[in-house]
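Next comes my_file.csv, with CSV, C-alpha atoms and all ligand atoms.
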```
chain,number,residue,atom,x,y,z
V,1425,MET,CA,-42.8,88.2,-38.1
V,1426,VAL,CA,-43.1,87.0,-34.5
V,1427,ASP,CA,-39.9,87.0,-32.4
V,1428,ARG,CA,-41.1,84.4,-29.9
V,1429,VAL,CA,-43.7,81.7,-29.9
V,1430,LEU,CA,-45.1,80.0,-26.7
V,1431,VAL,CA,-47.4,77.0,-26.9
V,1432,THR,CA,-48.6,75.0,-23.9
V,1433,LEU,CA,-49.2,71.3,-24.0
V,1434,ASP,CA,-53.0,71.7,-24.5
V,1435,GLY,CA,-52.0,73.1,-27.9
V,1436,THR,CA,-52.9,76.8,-27.0
V,1437,VAL,CA,-50.7,79.5,-28.5
V,1438,ARG,CA,-50.0,82.0,-25.8
V,1439,ASP,CA,-48.8,85.5,-25.5
V,1440,PRO,CA,-45.0,85.0,-24.7
V,1441,ASP,CA,-45.1,88.3,-22.7
V,1442,GLU,CA,-47.8,87.1,-20.4
V,1443,PRO,CA,-46.7,85.2,-17.2
V,1444,LEU,CA,-46.9,81.4,-17.4
V,1445,LEU,CA,-45.1,79.9,-14.4
V,1446,TYR,CA,-46.2,80.0,-10.8
V,1447,ALA,CA,-43.7,81.2,-8.2
V,1448,ASP,CA,-43.7,77.8,-6.6
V,1449,ASP,CA,-42.9,75.8,-9.8
V,1450,ILE,CA,-40.4,73.2,-8.8
V,1451,GLY,CA,-38.6,73.7,-12.1
V,1452,ALA,CA,-37.8,77.3,-10.9
V,1453,LEU,CA,-37.2,76.4,-7.2
V,1454,ARG,CA,-34.9,73.4,-7.8
V,1455,GLY,CA,-34.3,73.0,-11.5
V,1456,ASP,CA,-36.2,69.8,-11.1
V,1457,GLY,CA,-37.2,69.0,-14.7
V,1458,VAL,CA,-36.0,68.1,-18.1
V,1459,PHE,CA,-35.7,69.9,-21.5
V,1460,GLU,CA,-34.8,69.6,-25.1
V,1461,THR,CA,-33.4,72.2,-27.5
V,1462,VAL,CA,-34.4,71.7,-31.2
V,1463,LEU,CA,-33.5,73.5,-34.4
V,1464,VAL,CA,-36.4,74.8,-36.4
V,1465,ARG,CA,-35.4,74.9,-40.1
V,1466,ASP,CA,-37.7,75.4,-43.1
V,1467,GLY,CA,-40.6,75.6,-40.7
V,1468,LYS,CA,-39.9,72.1,-39.2
V,1469,ALA,CA,-38.5,70.9,-35.9
V,1470,CYS,CA,-35.4,68.9,-37.0
V,1471,ALA,CA,-35.1,65.2,-35.8
V,1472,ILE,CA,-38.1,65.8,-33.5
V,1473,GLU,CA,-38.8,62.1,-33.0
V,1474,LEU,CA,-35.3,61.7,-31.5
V,1475,HIS,CA,-35.9,64.6,-29.2
V,1476,LEU,CA,-39.3,63.3,-28.1
V,1477,ALA,CA,-37.7,59.9,-27.4
V,1478,ARG,CA,-34.9,61.5,-25.3
V,1479,LEU,CA,-37.4,63.7,-23.5
V,1480,ARG,CA,-39.2,60.5,-22.4
V,1481,ARG,CA,-35.9,58.9,-21.3
V,1482,SER,CA,-34.9,62.0,-19.3
V,1483,ALA,CA,-38.4,62.2,-17.7
V,1484,GLU,CA,-38.1,58.5,-16.7
V,1485,ALA,CA,-34.7,59.1,-15.1
V,1486,LEU,CA,-36.3,61.8,-12.9
V,1487,ASP,CA,-39.4,59.7,-12.1
V,1488,LEU,CA,-41.6,62.3,-13.8
V,1489,PRO,CA,-44.9,61.0,-15.3
V,1490,ASP,CA,-44.5,59.5,-18.7
V,1491,PRO,CA,-44.9,62.4,-21.2
V,1492,ASP,CA,-47.7,62.2,-23.7
V,1493,LEU,CA,-45.6,62.3,-26.8
V,1494,GLY,CA,-48.7,62.9,-29.1
V,1495,GLN,CA,-49.5,66.1,-27.2
V,1496,TRP,CA,-45.9,67.2,-27.3
V,1497,ARG,CA,-45.7,66.5,-31.1
V,1498,THR,CA,-48.8,68.6,-31.7
V,1499,ALA,CA,-47.5,71.5,-29.6
V,1500,VAL,CA,-44.2,71.4,-31.4
V,1501,GLU,CA,-45.8,71.4,-34.8
V,1502,THR,CA,-48.1,74.3,-33.8
V,1503,ALA,CA,-45.1,76.2,-32.5
V,1504,ALA,CA,-42.9,75.6,-35.6
V,1505,LYS,CA,-45.7,76.6,-37.9
V,1506,GLU,CA,-46.3,79.8,-36.0
V,1507,TRP,CA,-42.6,80.5,-36.2
V,1508,GLY,CA,-42.6,80.1,-39.9
V,1509,SER,CA,-40.0,79.1,-42.5
V,1510,GLU,CA,-38.2,82.3,-43.2
V,1511,ARG,CA,-35.5,81.9,-40.6
V,1512,GLU,CA,-34.1,79.3,-38.2
V,1513,GLY,CA,-35.4,79.2,-34.7
V,1514,MET,CA,-34.4,77.6,-31.4
V,1515,LEU,CA,-37.3,75.6,-30.0
V,1516,ARG,CA,-37.3,74.4,-26.4
V,1517,LEU,CA,-39.4,71.7,-24.8
V,1518,VAL,CA,-39.6,72.3,-21.1
V,1519,LEU,CA,-41.1,69.8,-18.6
V,1520,SER,CA,-40.8,70.4,-14.9
V,1521,ARG,CA,-42.3,68.6,-11.9
V,1522,GLY,CA,-44.9,71.4,-11.6
V,1523,ARG,CA,-46.1,73.3,-8.5
V,1524,ASP,CA,-44.8,72.6,-5.0
V,1525,SER,CA,-47.4,71.4,-2.5
V,1526,ILE,CA,-50.3,71.5,-5.0
V,1527,GLY,CA,-52.0,68.3,-5.9
V,1528,SER,CA,-52.9,67.4,-9.4
V,1529,THR,CA,-56.3,68.7,-10.7
V,1530,THR,CA,-58.9,66.0,-10.9
V,1531,ARG,CA,-61.2,65.7,-13.8
V,1532,ALA,CA,-63.8,67.6,-11.9
V,1533,GLY,CA,-61.4,70.4,-11.4
V,1534,SER,CA,-60.8,70.0,-7.7
V,1535,ARG,CA,-57.4,69.6,-6.1
V,1536,LYS,CA,-56.3,66.3,-4.6
V,1537,PRO,CA,-54.1,67.3,-1.6
V,1538,GLY,CA,-51.0,65.3,-1.3
V,1539,ALA,CA,-51.2,63.9,-4.9
V,1540,PRO,CA,-48.3,64.7,-7.1
V,1541,ALA,CA,-48.5,68.1,-8.9
V,1542,ALA,CA,-49.4,68.2,-12.6
V,1543,PRO,CA,-46.1,68.8,-14.5
V,1544,THR,CA,-45.5,72.1,-16.1
V,1545,ALA,CA,-45.0,71.7,-19.8
V,1546,TYR,CA,-44.5,74.1,-22.7
V,1547,VAL,CA,-42.8,74.7,-26.0
V,1548,LEU,CA,-41.0,78.0,-26.6
V,1549,VAL,CA,-39.4,79.2,-29.8
V,1550,ALA,CA,-36.9,82.1,-30.0
V,1551,ALA,CA,-34.4,83.4,-32.5
V,1552,VAL,CA,-31.1,81.6,-32.8
V,1553,ALA,CA,-28.3,83.3,-30.9
V,1554,GLU,CA,-25.8,85.3,-33.0
V,1555,ARG,CA,-22.9,83.3,-31.8
V,1556,VAL,CA,-24.3,80.3,-33.7
V,1557,GLN,CA,-23.6,81.6,-37.2
V,1558,THR,CA,-20.0,82.5,-36.1
V,1559,ALA,CA,-19.5,79.1,-34.5
V,1560,ARG,CA,-20.7,77.3,-37.7
V,1561,ALA,CA,-18.6,79.4,-40.0
V,1562,GLU,CA,-15.4,80.0,-38.0
V,1563,GLY,CA,-15.4,77.4,-35.3
V,1564,VAL,CA,-14.9,77.9,-31.6
V,1565,SER,CA,-12.0,78.3,-29.2
V,1566,VAL,CA,-12.2,75.8,-26.4
V,1567,ILE,CA,-10.6,75.1,-23.0
V,1568,THR,CA,-10.7,71.8,-21.2
V,1569,LEU,CA,-12.0,71.9,-17.7
V,1570,PRO,CA,-12.3,69.1,-15.1
V,1571,ARG,CA,-15.8,68.0,-14.3
V,1572,GLY,CA,-14.5,66.3,-11.1
V,1573,ILE,CA,-16.1,62.9,-11.7
V,1574,SER,CA,-14.9,59.5,-12.8
V,1575,VAL,CA,-16.3,57.8,-15.9
V,1576,ASP,CA,-17.3,54.9,-13.6
V,1577,LEU,CA,-19.9,57.1,-11.9
V,1578,ALA,CA,-22.6,57.0,-14.6
V,1579,GLN,CA,-23.2,53.3,-13.9
V,1580,ASN,CA,-22.9,53.5,-10.1
V,1581,ALA,CA,-24.6,56.8,-9.3
V,1582,PRO,CA,-27.9,57.1,-11.1
V,1583,TRP,CA,-29.0,60.0,-8.9
V,1584,LEU,CA,-26.4,62.2,-10.7
V,1585,LEU,CA,-28.7,61.9,-13.8
V,1586,LEU,CA,-25.7,61.9,-16.1
V,1587,GLY,CA,-27.6,60.6,-19.1
V,1588,ALA,CA,-30.6,62.9,-18.7
V,1589,LYS,CA,-31.0,66.4,-20.1
V,1590,THR,CA,-32.1,68.1,-16.9
V,1591,LEU,CA,-32.9,71.8,-16.2
V,1592,SER,CA,-30.1,71.9,-13.6
V,1593,TYR,CA,-27.6,73.6,-15.8
V,1594,ALA,CA,-26.2,76.2,-13.4
V,1595,THR,CA,-22.7,74.6,-13.3
V,1596,ASN,CA,-22.7,74.2,-17.1
V,1597,MET,CA,-23.4,77.9,-17.5
V,1598,ALA,CA,-20.8,78.8,-14.9
V,1599,ALA,CA,-18.2,76.7,-16.9
V,1600,LEU,CA,-19.1,78.7,-20.0
V,1601,ARG,CA,-18.7,82.0,-18.1
V,1602,PHE,CA,-15.4,80.8,-16.8
V,1603,ALA,CA,-14.3,80.0,-20.4
V,1604,ALA,CA,-15.5,83.5,-21.5
V,1605,ARG,CA,-13.2,85.1,-18.8
V,1606,MET,CA,-10.3,83.1,-20.3
V,1607,ASP,CA,-11.3,84.4,-23.8
V,1608,ALA,CA,-12.6,81.0,-24.9
V,1609,ASP,CA,-16.0,80.3,-26.6
V,1610,ASP,CA,-16.7,76.9,-25.2
V,1611,VAL,CA,-15.6,74.1,-22.9
V,1612,ILE,CA,-14.8,70.4,-23.0
V,1613,PHE,CA,-15.2,68.6,-19.7
V,1614,THR,CA,-12.8,65.9,-18.7
V,1615,SER,CA,-13.1,63.1,-16.1
V,1616,THR,CA,-10.8,62.5,-13.1
V,1617,GLU,CA,-9.0,60.0,-15.4
V,1618,HIS,CA,-8.4,62.8,-18.0
V,1619,ARG,CA,-10.9,61.1,-20.3
V,1620,VAL,CA,-12.9,63.4,-22.6
V,1621,LEU,CA,-16.5,63.7,-21.6
V,1622,GLU,CA,-18.6,66.4,-23.4
V,1623,GLY,CA,-19.3,70.1,-23.7
V,1624,PRO,CA,-21.7,71.9,-21.3
V,1625,ARG,CA,-24.3,71.8,-24.1
V,1626,SER,CA,-22.6,69.7,-26.9
V,1627,THR,CA,-21.2,66.3,-27.8
V,1628,VAL,CA,-17.5,65.9,-28.6
V,1629,VAL,CA,-16.5,64.0,-31.7
V,1630,ILE,CA,-12.9,63.7,-33.0
V,1631,GLN,CA,-11.9,62.9,-36.5
V,1632,ARG,CA,-8.8,61.0,-37.7
V,1633,ASP,CA,-8.6,60.2,-41.4
V,1634,LYS,CA,-11.9,58.5,-42.2
V,1635,GLN,CA,-12.7,57.7,-38.6
V,1636,LEU,CA,-15.0,59.5,-36.2
V,1637,ILE,CA,-14.9,58.8,-32.4
V,1638,THR,CA,-17.2,60.0,-29.6
V,1639,PRO,CA,-17.2,58.9,-25.9
V,1640,PRO,CA,-19.8,56.3,-25.1
V,1641,SER,CA,-22.8,57.3,-23.0
V,1642,ARG,CA,-21.7,54.8,-20.3
V,1643,ASN,CA,-18.9,57.3,-19.5
V,1644,GLY,CA,-21.6,59.6,-18.2
V,1645,VAL,CA,-22.2,61.8,-21.2
V,1646,LEU,CA,-25.6,62.7,-22.7
V,1647,PRO,CA,-26.3,60.7,-25.8
V,1648,GLY,CA,-26.3,63.4,-28.5
V,1649,ILE,CA,-28.9,63.7,-31.3
V,1650,THR,CA,-26.7,65.7,-33.6
V,1651,GLN,CA,-23.9,63.2,-33.2
V,1652,ARG,CA,-26.3,60.3,-33.9
V,1653,ALA,CA,-27.5,62.1,-37.1
V,1654,LEU,CA,-23.9,62.6,-38.2
V,1655,TYR,CA,-23.0,59.0,-37.6
V,1656,ALA,CA,-26.0,57.8,-39.6
V,1657,GLU,CA,-25.0,59.8,-42.6
V,1658,ALA,CA,-21.2,59.3,-42.2
V,1659,GLU,CA,-21.6,55.5,-42.1
V,1660,LYS,CA,-23.5,55.6,-45.4
V,1661,ALA,CA,-20.6,57.6,-46.8
V,1662,GLY,CA,-18.1,55.1,-45.8
V,1663,TRP,CA,-16.8,56.6,-42.5
V,1664,ASP,CA,-15.8,54.3,-39.6
V,1665,CYS,CA,-17.9,55.7,-36.7
V,1666,ARG,CA,-17.0,54.6,-33.2
V,1667,TYR,CA,-18.0,55.0,-29.5
V,1668,GLU,CA,-14.8,54.8,-27.6
V,1669,SER,CA,-13.2,56.3,-24.6
V,1670,PHE,CA,-10.3,58.7,-25.3
V,1671,PHE,CA,-8.1,61.1,-23.4
V,1672,THR,CA,-7.4,64.8,-23.4
V,1673,ALA,CA,-4.1,64.2,-25.2
V,1674,ASP,CA,-6.1,62.5,-28.1
V,1675,LEU,CA,-7.8,65.9,-28.8
V,1676,ILE,CA,-4.5,67.5,-29.7
V,1677,THR,CA,-3.4,64.7,-32.0
V,1678,ALA,CA,-6.8,64.4,-33.8
V,1679,ASP,CA,-7.1,65.8,-37.3
V,1680,SER,CA,-10.1,67.8,-36.1
V,1681,VAL,CA,-12.3,68.1,-33.0
V,1682,TRP,CA,-16.0,69.0,-33.2
V,1683,LEU,CA,-18.7,70.2,-30.8
V,1684,LEU,CA,-22.1,69.0,-32.0
V,1685,SER,CA,-25.4,70.3,-30.8
V,1686,SER,CA,-28.9,70.6,-32.1
V,1687,VAL,CA,-29.0,74.4,-32.7
V,1688,THR,CA,-25.3,75.2,-33.5
V,1689,LEU,CA,-25.0,71.8,-35.4
V,1690,ALA,CA,-21.3,71.3,-36.2
V,1691,ALA,CA,-18.7,73.7,-34.6
V,1692,ARG,CA,-15.1,72.8,-35.3
V,1693,VAL,CA,-12.7,73.4,-32.5
V,1694,SER,CA,-10.4,76.1,-33.9
V,1695,SER,CA,-8.2,76.3,-30.8
V,1696,LEU,CA,-7.8,74.0,-27.8
V,1697,ASP,CA,-6.3,75.3,-24.6
V,1698,GLY,CA,-4.6,78.0,-26.6
V,1699,LEU,CA,-3.3,75.7,-29.4
V,1700,ARG,CA,-4.5,76.5,-32.9
V,1701,MET,CA,-6.1,73.7,-34.8
V,1702,SER,CA,-6.3,74.2,-38.6
V,1703,PRO,CA,-9.3,72.9,-40.5
V,1704,PRO,CA,-9.0,69.5,-42.1
V,1705,GLU,CA,-9.9,68.9,-45.8
V,1706,CYS,CA,-13.1,67.2,-44.8
V,1707,ALA,CA,-14.4,70.1,-42.7
V,1708,ASP,CA,-17.2,71.0,-45.2
V,1709,GLU,CA,-18.1,67.3,-45.7
V,1710,ILE,CA,-18.6,66.9,-41.9
V,1711,ALA,CA,-20.9,69.9,-41.8
V,1712,GLU,CA,-22.8,68.7,-44.8
V,1713,LEU,CA,-23.2,65.2,-43.2
V,1714,VAL,CA,-24.7,66.8,-40.1
V,1715,ASP,CA,-27.1,69.0,-42.2
V,1716,ARG,CA,-28.3,65.9,-44.0
V,1717,GLY,CA,-28.6,63.8,-40.9
V,1718,ILE,CA,-30.8,66.2,-39.0
V,1719,ALA,CA,-33.0,66.9,-42.1
V,1720,ARG,CA,-33.9,63.2,-42.6
V,1721,THR,CA,-37.0,61.6,-41.1
V,1722,TRP,CA,-36.4,59.8,-37.9
V,1723,SER,CA,-38.6,57.5,-35.8
V,1724,GLY,CA,-38.7,57.2,-32.0
V,1725,ALA,CA,-37.4,53.6,-32.5
V,1726,ASP,CA,-34.1,55.1,-33.9
V,1727,TRP,CA,-33.4,56.3,-30.3
V,1728,ALA,CA,-33.5,52.9,-28.7
Q,1801,LIG,C1,-28.0,68.9,-25.3
Q,1801,LIG,C2,-26.6,68.4,-24.9
Q,1801,LIG,C3,-25.8,67.7,-25.7
Q,1801,LIG,C4,-26.0,67.3,-27.2
Q,1801,LIG,O1,-27.0,67.8,-27.8
Q,1801,LIG,P1,-27.9,67.4,-29.0
Q,1801,LIG,O2,-28.7,68.6,-29.1
Q,1801,LIG,O3,-28.6,66.2,-28.6
Q,1801,LIG,O4,-27.0,67.2,-30.2
Q,1801,LIG,C5,-24.6,67.1,-25.2
Q,1801,LIG,N1,-24.3,67.4,-24.0
Q,1801,LIG,C6,-25.0,68.1,-23.1
Q,1801,LIG,C7,-24.6,68.3,-21.7
Q,1801,LIG,C8,-26.2,68.7,-23.6
Q,1801,LIG,O5,-27.0,69.4,-22.7
```

Here is the file; what I need is its structure written in the form of structure tokens.
Amino acid sequence: MVDRVLVTLDGTVRDPDEPLLYADDIGALRGDGVFETVLVRDGKACAIELHLARLRRSAEALDLPDPDLGQWRTAVETAAKEWGSEREGMLRLVLSRGRDSIGSTTRAGSRKPGAPAAPTAYVLVAAVAERVQTARAEGVSVITLPRGISVDLAQNAPWLLLGAKTLSYATNMAALRFAARMDADDVIFTSTEHRVLEGPRSTVVIQRDKQLITPPSRNGVLPGITQRALYAEAEKAGWDCRYESFFTADLITADSVWLLSSVTLAARVSSLDGLRMSPPECADEIAELVDRGIARTWSGADWA
């Protein structure tokens, strides 16, 4: 059983222990690129069309060349097949601006000086982190942290790339390490107005009776695929699903708070800023709705 799979966009399966990036890759130098993280379950990349559509949207936000989704789809299928169906995997799509100061290769193989570099693109599958099973089964302890921005910024400051999944995640990872030092598992970012934004790698959804609420993307949060999958199934099951702004205080008074993300799926917040939150009756139902939502067949048009 392989423990990692690496596939480049030309469809080649590569040795994951062989070097792939150049030292001057702009993804490494500046974090200038985009990515997706996808769950491999039963040998398939879950909700892949939604991920491909968001990859295209993120690339557009960074003025990267429009990704060839057919090539990506093939590389993902190859990687998921290599990984197999015995266990879950975490599949990453990585797309960076490519090499600094190297022109793109022409068809004849010569370099065009001054032309934009060819993007770096690959698919990498690895085992799912151990914390994932615990988060699904027992939930996560969370602290709220200020992100230091207003919800108005998303509309007025497109250079902040708030709706794109970019490779610049150093501050997100620093927030998670800060949380770990406070003995917490995860973080919910808040705006300068004390509005709830998102986690460093997840979407926040709160539940009250038969209602689900998540902050709208215009507040500067990444539109979440797992949240979208949950909403699609929950609506069919009679839930009232909303995109509305809410405040930190609303987290405490909710019946339950969830962090949703493609690999961990549904992690219930079991404590918030030190306050214990007990599981609601519908906890299993929410987890099942997410499972069903990501297993269904999506089309790119569903991401519009
Ligand atoms: C990836 C991510 C999400 C949500 O993830 P999905 O995998 O689409 O469910 C939310 N917020 C941030 C910051 C993320 O990076």

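For stretch 1487-1490 of chain V, the list of residues within 12 Å, based on only C-alpha atoms and with local chain neighbours fewer than 6 positions off taken out, reads Gly1451, Asp1456, Gly1457, Val1458, Leu1476, Ala1477, Arg1478, Leu1479, Arg1480, Arg1481, Trp1496, Leu1519, Ser1520, Arg1521, Gly1522, Ser1528, Pro1540, Ala1541, Ala1542, Pro1543, Thr1544, Ala1545, Pro1582, Trp1583, Leu1585, Ala1588 and Thr1590 of chain V.
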
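The two atoms in question, atom C3 of ligand LIG 1801 (chain Q) and atom CA of V:Ser1615, are spaced 16.6 Å apart.
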
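Interatomic distance, atom CA of V:Phe1602 to atom CA of V:Ala1578: 25.0 Å.
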
Legend entry - For V:Asp1434: contacts at 12 Å, only C-alpha atoms, fewer than 4 positions along chain excluded, given as a ChimeraX atom specification: /V:1430,1438,1492,1494-1500,1502,1544-1547

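With all atoms listed in the file as the basis for measurement, V:Glu1622 is the residue among V:Glu1622, V:Asp1708, V:Asp1607, V:Glu1562 that approaches ligand LIG 1801 (chain Q) most closely.
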
What are the closest atom pairs, with distances in Å to one decimal, for all residues of chain V lying within 7 Å of ligand LIG 1801 (chain Q)? Consider only C-alpha atoms and all ligand atoms, order rows by chain and residue number, and present the result as JSON lines.
```
{"residue": "V:Glu1460", "atom": "CA", "partner": "Q:LIG1801", "partner_atom": "C1", "distance": 6.8}
{"residue": "V:Thr1461", "atom": "CA", "partner": "Q:LIG1801", "partner_atom": "O2", "distance": 6.1}
{"residue": "V:Val1462", "atom": "CA", "partner": "Q:LIG1801", "partner_atom": "O2", "distance": 6.8}
{"residue": "V:Lys1589", "atom": "CA", "partner": "Q:LIG1801", "partner_atom": "O5", "distance": 5.6}
{"residue": "V:Glu1622", "atom": "CA", "partner": "Q:LIG1801", "partner_atom": "N1", "distance": 5.8}
{"residue": "V:Gly1623", "atom": "CA", "partner": "Q:LIG1801", "partner_atom": "N1", "distance": 5.7}
{"residue": "V:Pro1624", "atom": "CA", "partner": "Q:LIG1801", "partner_atom": "C7", "distance": 4.6}
{"residue": "V:Arg1625", "atom": "CA", "partner": "Q:LIG1801", "partner_atom": "C8", "distance": 3.7}
{"residue": "V:Ser1626", "atom": "CA", "partner": "Q:LIG1801", "partner_atom": "C5", "distance": 3.7}
{"residue": "V:Thr1627", "atom": "CA", "partner": "Q:LIG1801", "partner_atom": "C5", "distance": 4.4}
{"residue": "V:Val1645", "atom": "CA", "partner": "Q:LIG1801", "partner_atom": "N1", "distance": 6.6}
{"residue": "V:Leu1646", "atom": "CA", "partner": "Q:LIG1801", "partner_atom": "N1", "distance": 5.0}
{"residue": "V:Pro1647", "atom": "CA", "partner": "Q:LIG1801", "partner_atom": "O3", "distance": 6.6}
{"residue": "V:Gly1648", "atom": "CA", "partner": "Q:LIG1801", "partner_atom": "O3", "distance": 3.6}
{"residue": "V:Ile1649", "atom": "CA", "partner": "Q:LIG1801", "partner_atom": "O3", "distance": 3.7}
{"residue": "V:Thr1650", "atom": "CA", "partner": "Q:LIG1801", "partner_atom": "O4", "distance": 3.7}
{"residue": "V:Gln1651", "atom": "CA", "partner": "Q:LIG1801", "partner_atom": "O4", "distance": 5.9}
{"residue": "V:Leu1684", "atom": "CA", "partner": "Q:LIG1801", "partner_atom": "O4", "distance": 5.5}
{"residue": "V:Ser1685", "atom": "CA", "partner": "Q:LIG1801", "partner_atom": "O4", "distance": 3.5}
{"residue": "V:Ser1686", "atom": "CA", "partner": "Q:LIG1801", "partner_atom": "O2", "distance": 3.6}
{"residue": "V:Val1687", "atom": "CA", "partner": "Q:LIG1801", "partner_atom": "O2", "distance": 6.8}
```

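You will find atom CA of V:Arg1555 at 19.6 Å from atom CA of V:Arg1700.
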
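Comparing V:Ala1598, V:Cys1665, V:Val1564, V:Ala1719 by their smallest distance to V:Ala1471, the closest is V:Ala1719 (using only C-alpha atoms).
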
Legend entry - Selection: 8 Å around stretch 1674-1678 of chain V, only C-alpha atoms, excl. self and same-chain fewer than 6 positions, as a ChimeraX atom specification: /V:1630-1632,1696
